[in-house]
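Just below is one structure, and these are the notes that go with it.
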Amino acid sequence: MTDPAQVVNWWGPRGFTTTIEAMEVRPGGAWKQVMHGPDGTDYPNESIFKEVVRPERIVYAHGGGKKGGPPAHFVATWTFDEPEAGKTKVTIRMLFRTAEERDRVVNEFGAIEGGIQTLERMAEHLTNLGPTP
C-alpha cells in the first residue's frame, strides 16, 4: 500500500490501470494518480495522507473523479489487522460529507464493487509475489 511500484499492479477495479505521479506516504504527503478506465476514460485523483501508522493504518483525504466531471471527496481509512500468523485483514472505510455524496459515488463510480475488485487485485498481486523471507 505504500510502494508505488507495487500499487500500480493492483490499484483500481478490474480492467483499470493506474499512473502514479507522486506518492509521499507521510502525514501531509500527496498521492497524485490517474486511473485509466478500460473505455479510455481518465480519473485524475489527488489525496493527502492524514495519518500513517505502520503497519496498522493509513488515512487519506481523497479528491478526484472522472475527468471533466464532478469530484468525489471523502476520507478513506485503511486498516491492516493480522487475525492469524501470515494473514492480513484489510478494511476500508470511506467517510463522506453527506449521505447524498456517498450515494452519488456509489452509483456513479460503482465504488462498492470497485473497492471489492481492488482488494481482490491486491490479494492476487500479493499471492503472486509469494512469501516474504
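Identifiers for the C-alpha cells are assigned positionally: chains receive A, B, ... in sequence, residues are indexed from 1 per chain, and ligands are indexed from 1 in the order shown.
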**Backbone DSSP call of helix (DSSP H, G or I) for stretch 59-127 of chain A, listed as a VMD selection string** = chain A and resid 99 to 109 111 to 127
**Message:** Taking 5 positions as the minimum chain separation for residues in the same chain, which residues sit within 8 Å of stretch 49-56 of chain A when counting only C-alpha atoms? Answer as a ChimeraX atom specification.
**Reply:** /A:25-31,61,79-81
If you keep C-alpha atoms, can you produce a file of those selected residues as a tab-separated table (two decimals), in the first residue's frame?
```
chain	number	residue	atom	x	y	z
A	25	VAL	CA	3.40	8.29	2.23
A	26	ARG	CA	3.66	10.53	5.29
A	27	PRO	CA	1.23	12.84	7.08
A	28	GLY	CA	0.73	15.83	4.77
A	29	GLY	CA	2.22	13.96	1.80
A	30	ALA	CA	0.48	13.98	-1.57
A	31	TRP	CA	-0.66	11.00	-3.61
A	61	ALA	CA	-8.35	12.73	2.24
A	79	THR	CA	-6.68	-0.74	8.46
A	80	PHE	CA	-4.44	-3.77	8.40
A	81	ASP	CA	-5.01	-6.44	11.06
```
**Item:** Nearest to A:Gly69 by atom-to-atom distance, counting only C-alpha atoms, from A:Val90, A:Glu46, A:Arg102, A:Phe109
**Value:**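 Among the listed residues, A:Phe109 lies closest to A:Gly69.
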**Message:** What's around A:Pro70 at 12 Å? Count only C-alpha atoms, leave out sequence neighbours fewer than 4 positions away in its own chain, and write the answer as a ChimeraX atom specification.
**Reply:** /A:43-45,63-66,101,104-105,108-109
**Request:** Mind checking which residues fall within 9 Å of A:Ile92, counting only C-alpha atoms, ignoring those fewer than 2 positions away in the same chain, and posting them as a list in words?
**Result:**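 Contacts, in chain order: Ala76, Thr77, Trp78, Thr79, Val90, Met94 and Gly115 of chain A.
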Could you write out that same residue set with N, CA and C atoms as a PDB file, in the first residue's frame?
```pdb
ATOM      1  N   ALA A  76     -10.639   8.326   3.486  1.00  0.00           N
ATOM      2  CA  ALA A  76     -10.527   6.870   3.476  1.00  0.00           C
ATOM      3  C   ALA A  76      -9.596   6.425   4.600  1.00  0.00           C
ATOM      4  N   THR A  77     -10.020   5.402   5.313  1.00  0.00           N
ATOM      5  CA  THR A  77      -9.196   4.784   6.348  1.00  0.00           C
ATOM      6  C   THR A  77      -9.004   3.324   5.980  1.00  0.00           C
ATOM      7  N   TRP A  78      -7.762   2.945   5.779  1.00  0.00           N
ATOM      8  CA  TRP A  78      -7.405   1.556   5.515  1.00  0.00           C
ATOM      9  C   TRP A  78      -6.758   1.014   6.781  1.00  0.00           C
ATOM     10  N   THR A  79      -7.297  -0.097   7.303  1.00  0.00           N
ATOM     11  CA  THR A  79      -6.680  -0.737   8.459  1.00  0.00           C
ATOM     12  C   THR A  79      -6.186  -2.121   8.056  1.00  0.00           C
ATOM     13  N   VAL A  90      -7.673  -6.606   5.546  1.00  0.00           N
ATOM     14  CA  VAL A  90      -7.680  -5.206   5.137  1.00  0.00           C
ATOM     15  C   VAL A  90      -9.129  -4.723   5.172  1.00  0.00           C
ATOM     16  N   MET A  94     -14.821   4.618   4.198  1.00  0.00           N
ATOM     17  CA  MET A  94     -14.838   5.894   3.485  1.00  0.00           C
ATOM     18  C   MET A  94     -15.889   6.779   4.139  1.00  0.00           C
ATOM     19  N   GLY A 115     -14.292  -1.171  -5.034  1.00  0.00           N
ATOM     20  CA  GLY A 115     -13.471  -1.448  -3.851  1.00  0.00           C
ATOM     21  C   GLY A 115     -13.222  -2.940  -3.669  1.00  0.00           C
TER      22      GLY A 115
END
```
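With only C-alpha atoms as the atoms that count, the minimum distance from A:Gly37 to the choices A:Thr91, A:Thr98, A:Arg14, A:Ile20 is reached by A:Arg14.
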**Prompt:** chain A: which residues are strand (DSSP E) by DSSP, as a ChimeraX atom specification?
**Reply:** /A:17-23,30-36,42-53,57-64,72-81,89-95
Can you write out the residues you just picked, keeping N, CA and C atoms, as a short mmCIF file (atom, residue, chain, number, x, y, z; two decimals), in the first residue's frame?
```cif
data_model
loop_
_atom_site.label_atom_id
_atom_site.label_comp_id
_atom_site.auth_asym_id
_atom_site.auth_seq_id
_atom_site.Cartn_x
_atom_site.Cartn_y
_atom_site.Cartn_z
N THR A 17 -6.02 0.61 -15.27
CA THR A 17 -4.59 0.75 -14.99
C THR A 17 -4.42 2.07 -14.25
N THR A 18 -3.27 2.24 -13.63
CA THR A 18 -3.02 3.43 -12.84
C THR A 18 -1.64 3.99 -13.13
N THR A 19 -1.57 5.29 -13.27
CA THR A 19 -0.30 6.01 -13.37
C THR A 19 -0.14 6.83 -12.09
N ILE A 20 0.93 6.60 -11.36
CA ILE A 20 1.17 7.35 -10.13
C ILE A 20 2.18 8.44 -10.44
N GLU A 21 1.78 9.69 -10.21
CA GLU A 21 2.64 10.84 -10.46
C GLU A 21 3.44 11.21 -9.22
N ALA A 22 2.89 11.00 -8.04
CA ALA A 22 3.58 11.27 -6.77
C ALA A 22 2.93 10.42 -5.70
N MET A 23 3.74 9.93 -4.77
CA MET A 23 3.21 9.17 -3.64
C MET A 23 4.16 9.33 -2.46
N ALA A 30 1.45 14.06 -0.48
CA ALA A 30 0.48 13.98 -1.57
C ALA A 30 0.58 12.64 -2.29
N TRP A 31 -0.57 12.17 -2.75
CA TRP A 31 -0.66 11.00 -3.61
C TRP A 31 -1.45 11.44 -4.83
N LYS A 32 -0.74 11.62 -5.94
CA LYS A 32 -1.37 12.01 -7.19
C LYS A 32 -1.30 10.84 -8.15
N GLN A 33 -2.47 10.45 -8.64
CA GLN A 33 -2.53 9.32 -9.56
C GLN A 33 -3.69 9.48 -10.51
N VAL A 34 -3.56 8.84 -11.65
CA VAL A 34 -4.63 8.83 -12.64
C VAL A 34 -5.01 7.38 -12.89
N MET A 35 -6.28 7.09 -12.68
CA MET A 35 -6.81 5.77 -13.03
C MET A 35 -7.31 5.86 -14.46
N HIS A 36 -6.97 4.86 -15.27
CA HIS A 36 -7.37 4.82 -16.67
C HIS A 36 -8.38 3.69 -16.84
N ASP A 42 -10.18 8.83 -18.24
CA ASP A 42 -9.22 9.08 -17.18
C ASP A 42 -9.92 9.61 -15.94
N TYR A 43 -9.42 9.19 -14.79
CA TYR A 43 -9.94 9.60 -13.50
C TYR A 43 -8.78 10.15 -12.67
N PRO A 44 -8.47 11.45 -12.82
CA PRO A 44 -7.38 12.03 -12.03
C PRO A 44 -7.78 12.14 -10.56
N ASN A 45 -6.86 11.77 -9.68
CA ASN A 45 -7.11 11.79 -8.25
C ASN A 45 -5.95 12.43 -7.52
N GLU A 46 -6.26 13.16 -6.47
CA GLU A 46 -5.22 13.69 -5.60
C GLU A 46 -5.68 13.51 -4.17
N SER A 47 -4.85 12.85 -3.40
CA SER A 47 -5.15 12.60 -1.99
C SER A 47 -4.03 13.17 -1.14
N ILE A 48 -4.36 13.50 0.09
CA ILE A 48 -3.37 13.95 1.06
C ILE A 48 -3.42 12.97 2.24
N PHE A 49 -2.26 12.39 2.56
CA PHE A 49 -2.19 11.48 3.69
C PHE A 49 -2.35 12.27 4.99
N LYS A 50 -3.28 11.83 5.81
CA LYS A 50 -3.54 12.49 7.09
C LYS A 50 -2.87 11.74 8.23
N GLU A 51 -2.81 10.42 8.11
CA GLU A 51 -2.26 9.59 9.18
C GLU A 51 -1.61 8.37 8.55
N VAL A 52 -0.41 8.04 9.02
CA VAL A 52 0.28 6.83 8.57
C VAL A 52 0.86 6.17 9.82
N VAL A 53 0.27 5.06 10.21
CA VAL A 53 0.73 4.31 11.38
C VAL A 53 1.08 2.92 10.89
N ARG A 57 -2.40 1.32 9.99
CA ARG A 57 -3.46 2.17 9.47
C ARG A 57 -2.89 3.26 8.55
N ILE A 58 -3.67 3.57 7.51
CA ILE A 58 -3.38 4.70 6.62
C ILE A 58 -4.70 5.45 6.43
N VAL A 59 -4.64 6.76 6.62
CA VAL A 59 -5.83 7.61 6.43
C VAL A 59 -5.46 8.69 5.43
N TYR A 60 -6.32 8.89 4.43
CA TYR A 60 -6.07 9.97 3.47
C TYR A 60 -7.37 10.65 3.07
N ALA A 61 -7.24 11.94 2.77
CA ALA A 61 -8.35 12.73 2.24
C ALA A 61 -8.27 12.66 0.73
N HIS A 62 -9.31 12.17 0.11
CA HIS A 62 -9.33 11.93 -1.33
C HIS A 62 -10.12 13.02 -2.06
N GLY A 63 -9.60 13.40 -3.21
CA GLY A 63 -10.30 14.28 -4.11
C GLY A 63 -10.03 13.84 -5.53
N GLY A 64 -11.04 13.77 -6.34
CA GLY A 64 -10.84 13.36 -7.73
C GLY A 64 -12.10 12.78 -8.30
N ALA A 72 -15.20 13.63 -6.42
CA ALA A 72 -15.63 12.82 -5.28
C ALA A 72 -14.69 13.13 -4.12
N HIS A 73 -15.24 13.55 -3.01
CA HIS A 73 -14.44 13.86 -1.83
C HIS A 73 -14.85 12.95 -0.68
N PHE A 74 -13.85 12.36 -0.02
CA PHE A 74 -14.10 11.54 1.15
C PHE A 74 -12.79 11.35 1.89
N VAL A 75 -12.88 10.85 3.11
CA VAL A 75 -11.71 10.46 3.86
C VAL A 75 -11.72 8.94 3.94
N ALA A 76 -10.64 8.33 3.49
CA ALA A 76 -10.53 6.87 3.48
C ALA A 76 -9.60 6.43 4.60
N THR A 77 -10.02 5.40 5.31
CA THR A 77 -9.20 4.78 6.35
C THR A 77 -9.00 3.32 5.98
N TRP A 78 -7.76 2.95 5.78
CA TRP A 78 -7.41 1.56 5.51
C TRP A 78 -6.76 1.01 6.78
N THR A 79 -7.30 -0.10 7.30
CA THR A 79 -6.68 -0.74 8.46
C THR A 79 -6.19 -2.12 8.06
N PHE A 80 -5.10 -2.51 8.70
CA PHE A 80 -4.44 -3.77 8.40
C PHE A 80 -4.30 -4.53 9.72
N ASP A 81 -5.03 -5.62 9.85
CA ASP A 81 -5.01 -6.44 11.06
C ASP A 81 -4.47 -7.82 10.71
N LYS A 89 -5.94 -8.94 7.34
CA LYS A 89 -7.30 -8.50 7.04
C LYS A 89 -7.21 -7.00 6.74
N VAL A 90 -7.67 -6.61 5.55
CA VAL A 90 -7.68 -5.21 5.14
C VAL A 90 -9.13 -4.72 5.17
N THR A 91 -9.34 -3.60 5.86
CA THR A 91 -10.67 -3.00 5.93
C THR A 91 -10.57 -1.57 5.41
N ILE A 92 -11.51 -1.19 4.54
CA ILE A 92 -11.56 0.17 4.02
C ILE A 92 -12.84 0.83 4.52
N ARG A 93 -12.68 2.02 5.08
CA ARG A 93 -13.84 2.83 5.47
C ARG A 93 -13.72 4.16 4.75
N MET A 94 -14.82 4.62 4.20
CA MET A 94 -14.84 5.89 3.49
C MET A 94 -15.89 6.78 4.14
N LEU A 95 -15.47 7.96 4.58
CA LEU A 95 -16.37 8.90 5.23
C LEU A 95 -16.64 10.07 4.29
#
```
Which neighbours of A:Arg121 fall inside 9 Å, counting only C-alpha atoms, when residues of the same chain fewer than 5 positions from it are skipped, and could you give them as a short mmCIF file (atom, residue, chain, number, x, y, z; two decimals) with C-alpha atoms, in the first residue's frame?
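The new file out33.cif reads:
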```cif
data_model
loop_
_atom_site.label_atom_id
_atom_site.label_comp_id
_atom_site.auth_asym_id
_atom_site.auth_seq_id
_atom_site.Cartn_x
_atom_site.Cartn_y
_atom_site.Cartn_z
CA ASN A 9 -0.05 -3.51 -10.21
CA TRP A 10 -3.35 -3.75 -8.34
CA TRP A 11 -4.93 -0.32 -7.76
CA GLY A 12 -8.44 0.09 -9.15
CA PRO A 13 -11.19 -2.20 -10.40
CA ARG A 14 -10.54 -4.92 -12.97
CA ILE A 116 -14.11 -5.19 -3.78
CA LEU A 126 0.45 -10.38 -3.08
#
```
**Request:** For atom CA of A:Glu100 and atom CA of A:Gly40, determine how far apart the two atoms are, in Å to one decimal place.
**Result:**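 Between these atoms lies a distance of 27.5 Å.
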